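Below is structure.tsv, holding TSV, C-alpha atoms.
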```tsv
chain	number	residue	atom	x	y	z
A	27	LYS	CA	54.53	-135.95	12.90
A	28	LEU	CA	54.87	-135.14	16.57
A	29	MET	CA	52.42	-133.61	19.01
A	30	GLN	CA	52.47	-129.81	19.08
A	31	VAL	CA	51.42	-127.62	22.00
A	32	VAL	CA	50.31	-123.99	21.85
A	33	ASN	CA	50.17	-122.16	25.18
A	34	THR	CA	47.67	-119.38	25.82
A	35	PRO	CA	47.91	-117.55	29.17
A	36	ILE	CA	44.49	-116.85	30.70
A	37	SER	CA	42.83	-115.69	33.92
A	38	PRO	CA	44.00	-113.28	36.62
A	39	TYR	CA	46.45	-116.05	37.62
A	40	VAL	CA	48.18	-116.07	34.21
A	41	GLN	CA	47.50	-119.77	33.89
A	42	ASN	CA	48.68	-121.54	30.75
A	43	ALA	CA	45.76	-123.25	29.01
A	44	PRO	CA	47.52	-125.39	26.41
A	45	ILE	CA	45.93	-126.73	23.27
A	46	ALA	CA	47.72	-129.92	22.25
A	47	TYR	CA	47.26	-131.08	18.68
A	48	CYS	CA	48.21	-133.66	16.10
A	49	GLU	CA	49.79	-132.09	13.02
A	50	ASP	CA	48.69	-135.00	10.82
A	51	THR	CA	44.98	-134.92	11.60
A	52	LYS	CA	44.52	-131.43	13.13
A	53	GLU	CA	42.68	-133.10	16.01
A	54	CYS	CA	43.28	-131.26	19.29
A	55	ILE	CA	42.44	-131.27	22.96
A	56	TYR	CA	41.83	-128.33	25.23
A	57	VAL	CA	43.84	-128.54	28.46
A	58	ASP	CA	42.74	-126.74	31.65
A	59	PRO	CA	40.38	-124.11	30.20
A	60	GLY	CA	39.89	-122.12	33.38
A	61	ASP	CA	38.82	-118.77	31.95
A	62	GLU	CA	38.72	-116.55	28.84
A	63	LEU	CA	37.11	-119.09	26.53
A	64	ASP	CA	36.77	-116.69	23.60
A	65	LYS	CA	40.55	-116.30	23.54
A	66	LEU	CA	41.08	-120.09	23.61
A	67	VAL	CA	38.48	-120.84	20.95
A	68	SER	CA	39.96	-118.20	18.64
A	69	VAL	CA	43.41	-119.84	18.95
A	70	GLN	CA	41.92	-123.23	18.09
A	71	GLN	CA	39.99	-121.84	15.12
A	72	SER	CA	42.93	-119.80	13.78
A	73	LEU	CA	45.01	-122.98	13.61
A	74	GLY	CA	42.19	-124.91	11.93
A	75	LEU	CA	42.08	-127.47	14.73
A	76	LYS	CA	39.31	-129.99	15.46
A	77	PRO	CA	38.59	-130.28	19.20
A	78	GLN	CA	38.11	-133.82	20.52
A	79	TYR	CA	37.66	-133.33	24.27
A	80	ILE	CA	38.80	-131.33	27.30
A	81	PHE	CA	41.61	-132.66	29.52
A	82	ILE	CA	41.70	-131.36	33.12
A	83	THR	CA	44.89	-131.86	35.14
A	84	HIS	CA	43.40	-130.80	38.49
A	85	GLY	CA	40.43	-129.08	40.09
A	86	HIS	CA	41.66	-125.58	40.95
A	87	ILE	CA	39.58	-122.74	39.54
A	88	ASP	CA	42.22	-121.27	37.23
A	89	HIS	CA	42.51	-124.68	35.51
A	90	ALA	CA	38.95	-125.97	35.66
A	91	GLY	CA	36.55	-123.06	36.22
A	92	ALA	CA	35.32	-122.68	32.63
A	93	ALA	CA	35.52	-126.35	31.58
A	94	LYS	CA	31.78	-126.95	31.84
A	95	GLU	CA	30.95	-123.83	29.84
A	96	LEU	CA	33.40	-124.87	27.10
A	97	ALA	CA	32.07	-128.43	27.10
A	98	ASP	CA	28.53	-127.11	26.67
A	99	ARG	CA	29.54	-124.59	24.01
A	100	LEU	CA	31.43	-127.06	21.80
A	101	ASN	CA	29.64	-130.27	22.85
A	102	LEU	CA	32.83	-131.85	24.19
A	103	GLN	CA	33.44	-134.40	26.92
A	104	ILE	CA	35.54	-133.52	29.96
A	105	ILE	CA	38.20	-136.10	30.88
A	106	GLY	CA	40.12	-135.98	34.15
A	107	PRO	CA	41.40	-135.31	36.66
A	108	HIS	CA	41.69	-138.21	39.15
A	109	LYS	CA	38.61	-138.64	41.35
A	110	ALA	CA	40.51	-137.46	44.44
A	111	ASP	CA	39.88	-133.92	43.11
A	112	ASP	CA	36.08	-134.31	43.08
A	113	PHE	CA	35.76	-132.09	46.17
A	114	LEU	CA	37.49	-129.27	44.26
A	115	LEU	CA	35.28	-129.65	41.18
A	116	GLN	CA	32.18	-129.51	43.37
A	117	SER	CA	33.43	-126.28	44.96
A	118	LEU	CA	34.35	-124.38	41.78
A	119	GLU	CA	31.41	-121.98	42.12
A	120	ILE	CA	32.41	-121.20	45.71
A	121	GLN	CA	36.04	-120.74	44.61
A	122	GLY	CA	34.72	-118.39	41.92
A	123	GLN	CA	32.92	-116.22	44.46
A	124	MET	CA	36.11	-116.06	46.55
A	125	TYR	CA	38.39	-115.17	43.65
A	126	ASN	CA	35.92	-113.13	41.59
A	127	MET	CA	35.98	-115.52	38.64
A	128	LYS	CA	33.08	-117.09	36.83
A	129	ALA	CA	33.01	-120.85	37.36
A	130	GLN	CA	30.67	-123.85	37.20
A	131	ASN	CA	30.86	-127.06	39.18
A	132	PHE	CA	30.99	-130.26	37.15
A	133	THR	CA	31.64	-133.98	37.26
A	134	PRO	CA	33.83	-135.12	34.36
A	135	ASP	CA	32.57	-137.59	31.80
A	136	LYS	CA	35.52	-139.79	32.73
A	137	TRP	CA	37.89	-139.79	35.70
A	138	LEU	CA	41.52	-140.62	34.96
A	139	GLU	CA	43.56	-143.31	36.65
A	140	HIS	CA	47.32	-143.76	36.79
A	141	GLY	CA	48.40	-145.59	33.64
A	142	ASP	CA	45.47	-144.53	31.45
A	143	ILE	CA	46.24	-143.50	27.86
A	144	LEU	CA	44.53	-140.49	26.24
A	145	LYS	CA	44.40	-140.49	22.44
A	146	PHE	CA	43.72	-137.80	19.85
A	147	GLY	CA	44.75	-137.95	16.21
A	148	ASN	CA	47.90	-140.07	16.09
A	149	GLN	CA	48.98	-138.89	19.54
A	150	GLU	CA	48.99	-140.56	22.94
A	151	LEU	CA	49.30	-139.11	26.41
A	152	ASP	CA	50.50	-141.47	29.14
A	153	ILE	CA	48.65	-140.44	32.32
A	154	LYS	CA	50.43	-140.36	35.66
A	155	HIS	CA	48.71	-139.57	38.97
A	156	CYS	CA	50.90	-136.91	40.64
A	157	PRO	CA	49.35	-135.80	43.94
A	158	GLY	CA	50.87	-133.07	46.11
A	159	HIS	CA	49.65	-129.78	44.63
A	160	ALA	CA	46.15	-131.25	44.52
A	161	PRO	CA	45.28	-134.82	45.57
A	162	GLY	CA	43.84	-135.76	42.18
A	163	HIS	CA	46.41	-134.02	39.97
A	164	VAL	CA	47.38	-135.90	36.80
A	165	ILE	CA	49.95	-135.20	34.10
A	166	GLY	CA	50.09	-136.39	30.50
A	167	ILE	CA	53.36	-137.53	28.89
A	168	ASN	CA	53.80	-137.81	25.13
A	169	HIS	CA	56.84	-140.08	24.87
A	170	LYS	CA	57.32	-139.70	21.09
A	171	ALA	CA	57.33	-135.90	21.12
A	172	LYS	CA	59.05	-135.83	24.51
A	173	ARG	CA	56.53	-133.35	25.86
A	174	ILE	CA	54.80	-133.29	29.25
A	175	ILE	CA	51.51	-131.58	30.03
A	176	ALA	CA	52.49	-130.95	33.64
A	177	GLY	CA	49.83	-128.67	35.11
A	178	ASP	CA	51.00	-127.32	38.47
A	179	VAL	CA	53.39	-130.13	39.43
A	180	LEU	CA	56.70	-128.72	38.16
A	181	PHE	CA	57.55	-125.18	37.05
A	182	ASN	CA	60.58	-123.43	35.60
A	183	GLY	CA	62.63	-123.02	38.78
A	184	SER	CA	59.86	-124.02	41.15
A	185	ILE	CA	57.19	-126.57	42.06
A	186	GLY	CA	53.45	-126.42	42.68
A	187	ARG	CA	52.12	-124.88	45.89
A	188	THR	CA	51.35	-127.38	48.62
A	189	ASP	CA	49.54	-125.06	51.06
A	190	LEU	CA	46.12	-125.44	49.39
A	191	PRO	CA	43.44	-127.89	50.62
A	192	GLN	CA	44.79	-131.46	50.71
A	193	GLY	CA	48.13	-130.35	49.30
A	194	ASN	CA	51.19	-132.22	50.59
A	195	TYR	CA	54.82	-131.25	50.04
A	196	GLN	CA	56.30	-134.74	50.40
A	197	ASP	CA	53.68	-136.21	48.06
A	198	LEU	CA	54.60	-133.60	45.44
A	199	ILE	CA	58.34	-134.27	45.69
A	200	ASP	CA	57.64	-138.03	45.48
A	201	SER	CA	55.45	-137.47	42.39
A	202	ILE	CA	58.18	-135.46	40.65
A	203	ASN	CA	60.88	-138.00	41.51
A	204	SER	CA	58.75	-140.98	40.45
A	205	HIS	CA	57.17	-139.68	37.25
A	206	LEU	CA	59.14	-136.69	35.92
A	207	LEU	CA	62.79	-137.09	36.90
A	208	VAL	CA	62.79	-140.64	35.50
A	209	LEU	CA	62.41	-139.13	32.00
A	210	ASP	CA	65.23	-138.00	29.68
A	211	ASP	CA	66.70	-134.52	30.14
A	212	SER	CA	65.35	-133.55	26.70
A	213	PHE	CA	61.66	-133.81	27.68
A	214	ILE	CA	59.91	-130.44	27.40
A	215	VAL	CA	57.70	-129.50	30.37
A	216	HIS	CA	54.58	-127.44	29.57
A	217	CYS	CA	53.91	-125.84	32.95
A	218	GLY	CA	50.61	-124.59	34.34
A	219	HIS	CA	52.19	-121.18	34.97
A	220	GLY	CA	55.23	-119.47	33.50
A	221	PRO	CA	57.54	-120.51	30.68
A	222	ASP	CA	58.15	-124.02	29.41
A	223	THR	CA	61.21	-125.77	30.72
A	224	SER	CA	62.96	-129.12	30.32
A	225	ILE	CA	63.56	-132.03	32.66
A	226	GLY	CA	67.31	-131.54	32.29
A	227	HIS	CA	67.16	-127.85	33.21
A	228	GLU	CA	65.06	-128.52	36.31
A	229	ARG	CA	67.15	-131.52	37.33
A	230	LYS	CA	70.25	-129.29	37.32
A	231	THR	CA	68.91	-125.96	38.59
A	232	ASN	CA	65.58	-126.31	40.42
A	233	PRO	CA	66.26	-125.51	44.11
A	234	PHE	CA	63.36	-127.68	45.31
A	235	LEU	CA	64.79	-130.76	43.58
A	236	ASN	CA	68.34	-130.17	44.77
A	237	ALA	CA	67.62	-129.40	48.41
```
Rewrite the structure of this file - the entire thing - as structure tokens.
Amino acid sequence: KLMQVVNTPISPYVQNAPIAYCEDTKECIYVDPGDELDKLVSVQQSLGLKPQYIFITHGHIDHAGAAKELADRLNLQIIGPHKADDFLLQSLEIQGQMYNMKAQNFTPDKWLEHGDILKFGNQELDIKHCPGHAPGHVIGINHKAKRIIAGDVLFNGSIGRTDLPQGNYQDLIDSINSHLLVLDDSFIVHCGHGPDTSIGHERKTNPFLNA
């Protein structure tokens, strides 16, 4: 069976915190648990899923702020993002004071590198380093299910912001061209904010990709 993804919007920023799971084994991973852990844990429990670890795409507070608390609560490892986002992870508490969100700094149990493979159940995520929105941003591609855990790289009709610390517009466009637009049109994109989309839809209609 193929990887499934359930999206739960959390935080004042309406950030999608996906839980990706293997239908065969019920093993799952938490992705970007930035806030509202009780809501996320109840989704996982209601589906009878067995958490394996936490996958962080990048170090912004709405995606990473509650990762340490969840890791401590469920005794899970935190994997990702790329080490270029360390400065963001070490400033989560300061970000929290600025944005009135509870957050804890952390160093992940494992940094991710371009080309790494994350496994859970019978599923694999192919990791690509996609800087631009954040310098250490990574995405995970499940080629069998044709699903992409995209964080804040590509959105339905838009792209990630590049005006945040160490963001870079050209890097982001290069990341999308190199790692997302090379995939089939049928790949589903699970975005960090807003509705899911597909590579084909964005290739045809996204104004940032057709400029």
As an exercise, work out the distance from CA of Glu62 (chain A) to CA of Asn126 (chain A) in Å and give it to one decimal place.
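Going from CA of Glu62 (chain A) over to CA of Asn126 (chain A), I get 13.5 Å.
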Between CA of His155 (chain A) and CA of Ile214 (chain A) - distance in Å to one decimal:
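About the pair CA of Ile214 (chain A) and CA of His155 (chain A): they are 18.5 Å apart.
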Please return, as a PDB file with C-alpha atoms, in the frame of the given file, all polymer residues that have at least one atom within 9 Å of the point (63.6, -127.3, 40.5); use all atoms listed in the file and the file's own coordinate frame.
```
ATOM      1  CA  LEU A 180      56.700-128.720  38.160  1.00  0.00           C
ATOM      2  CA  PHE A 181      57.550-125.180  37.050  1.00  0.00           C
ATOM      3  CA  ASN A 182      60.580-123.430  35.600  1.00  0.00           C
ATOM      4  CA  GLY A 183      62.630-123.020  38.780  1.00  0.00           C
ATOM      5  CA  SER A 184      59.860-124.020  41.150  1.00  0.00           C
ATOM      6  CA  ILE A 185      57.190-126.570  42.060  1.00  0.00           C
ATOM      7  CA  HIS A 227      67.160-127.850  33.210  1.00  0.00           C
ATOM      8  CA  GLU A 228      65.060-128.520  36.310  1.00  0.00           C
ATOM      9  CA  ARG A 229      67.150-131.520  37.330  1.00  0.00           C
ATOM     10  CA  LYS A 230      70.250-129.290  37.320  1.00  0.00           C
ATOM     11  CA  THR A 231      68.910-125.960  38.590  1.00  0.00           C
ATOM     12  CA  ASN A 232      65.580-126.310  40.420  1.00  0.00           C
ATOM     13  CA  PRO A 233      66.260-125.510  44.110  1.00  0.00           C
ATOM     14  CA  PHE A 234      63.360-127.680  45.310  1.00  0.00           C
ATOM     15  CA  LEU A 235      64.790-130.760  43.580  1.00  0.00           C
ATOM     16  CA  ASN A 236      68.340-130.170  44.770  1.00  0.00           C
TER      17      ASN A 236
END
```
One number please: CA of Leu151 (chain A) to CA of Ile105 (chain A), in Å, one decimal.
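Calculated distance between CA of Leu151 (chain A) and CA of Ile105 (chain A) is 12.3 Å.
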Using all atoms listed in the file: which of A:Phe81, A:Phe213, A:Tyr47, A:Tyr125 has the shortest distance to Lys172 (chain A)
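Distance minimum relative to Lys172 (chain A) lands on A:Phe213.
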Selection near Gly186 (chain A), 12 Å with all atoms listed in the file, sequence-local residues under 4 positions removed, as a PyMOL selection string
chain A and resi 84+86+156-160+163+176-182+190+193-199+201-202+217-220+234
Ala90 (chain A) surroundings by all atoms listed in the file, 7 Å radius, close-in-sequence under 5 positions cut, as a list in words:
Asp58, Pro59, Gly60, Ile82 and Gly85 of chain A
Would you save the residues from that selection as a tab-separated table (two decimals), in the frame of the given file, using C-alpha atoms?
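Below you can see result28.tsv, which holds the result:
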```tsv
chain	number	residue	atom	x	y	z
A	58	ASP	CA	42.74	-126.74	31.65
A	59	PRO	CA	40.38	-124.11	30.20
A	60	GLY	CA	39.89	-122.12	33.38
A	82	ILE	CA	41.70	-131.36	33.12
A	85	GLY	CA	40.43	-129.08	40.09
```
Residue with smallest distance to Pro44 (chain A) - pool A:Ile143, A:Val67, A:Val31, A:Val208, counting all atoms listed in the file
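That would be A:Val31, the residue with the smallest distance to Pro44 (chain A).
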List the neighbours of Lys76 (chain A) out to 9 Å using only C-alpha atoms; skip same-chain residues closer than 2 positions along the sequence, and give me the result as JSON, numbers by chain.
{"A": [47, 51, 52, 53, 54, 55, 70, 71, 74, 78]}
Can you pull out every residue within 12 Å of Ile120 (chain A), counting only C-alpha atoms, but drop anything in the same chain fewer than 3 positions away, and send it as a PyMOL selection string?
chain A and resi 86-87+91+113-117+123-131
Rank A:His89, A:Lys94, A:Arg173, A:Lys154 by their smallest atom-to-atom distance to Asp135 (chain A), using all atoms listed in the file, and report the top residue only.
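Of A:His89, A:Lys94, A:Arg173, A:Lys154, the one nearest Asp135 (chain A) is A:Lys94, counting all atoms listed in the file.
Of the residues under consideration (A:Ala97, A:Asn33, A:Leu209, A:Glu119), A:Asn33 shows the shortest atom-to-atom contact distance to Val69 (chain A) when counting all atoms listed in the file.
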Return the single residue from A:Ser72, A:Gln192, A:Gln41, A:Thr83 that is closest to Val57 (chain A), with distances computed using only C-alpha atoms.
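Ranking A:Ser72, A:Gln192, A:Gln41, A:Thr83 by distance to Val57 (chain A), first place goes to A:Thr83.
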Between A:Leu66, A:Ala110, A:Leu73, A:Leu207, which residue has the minimum interatomic distance to Leu96 (chain A), considering all atoms listed in the file?
A:Leu66
Expected residue set, 8 Å radius at (54.0, -130.6, 17.3), all atoms listed in the file, as a list in words:
Lys27, Leu28, Met29, Gln30, Val31, Tyr47, Cys48, Glu49 and Ala171 of chain A
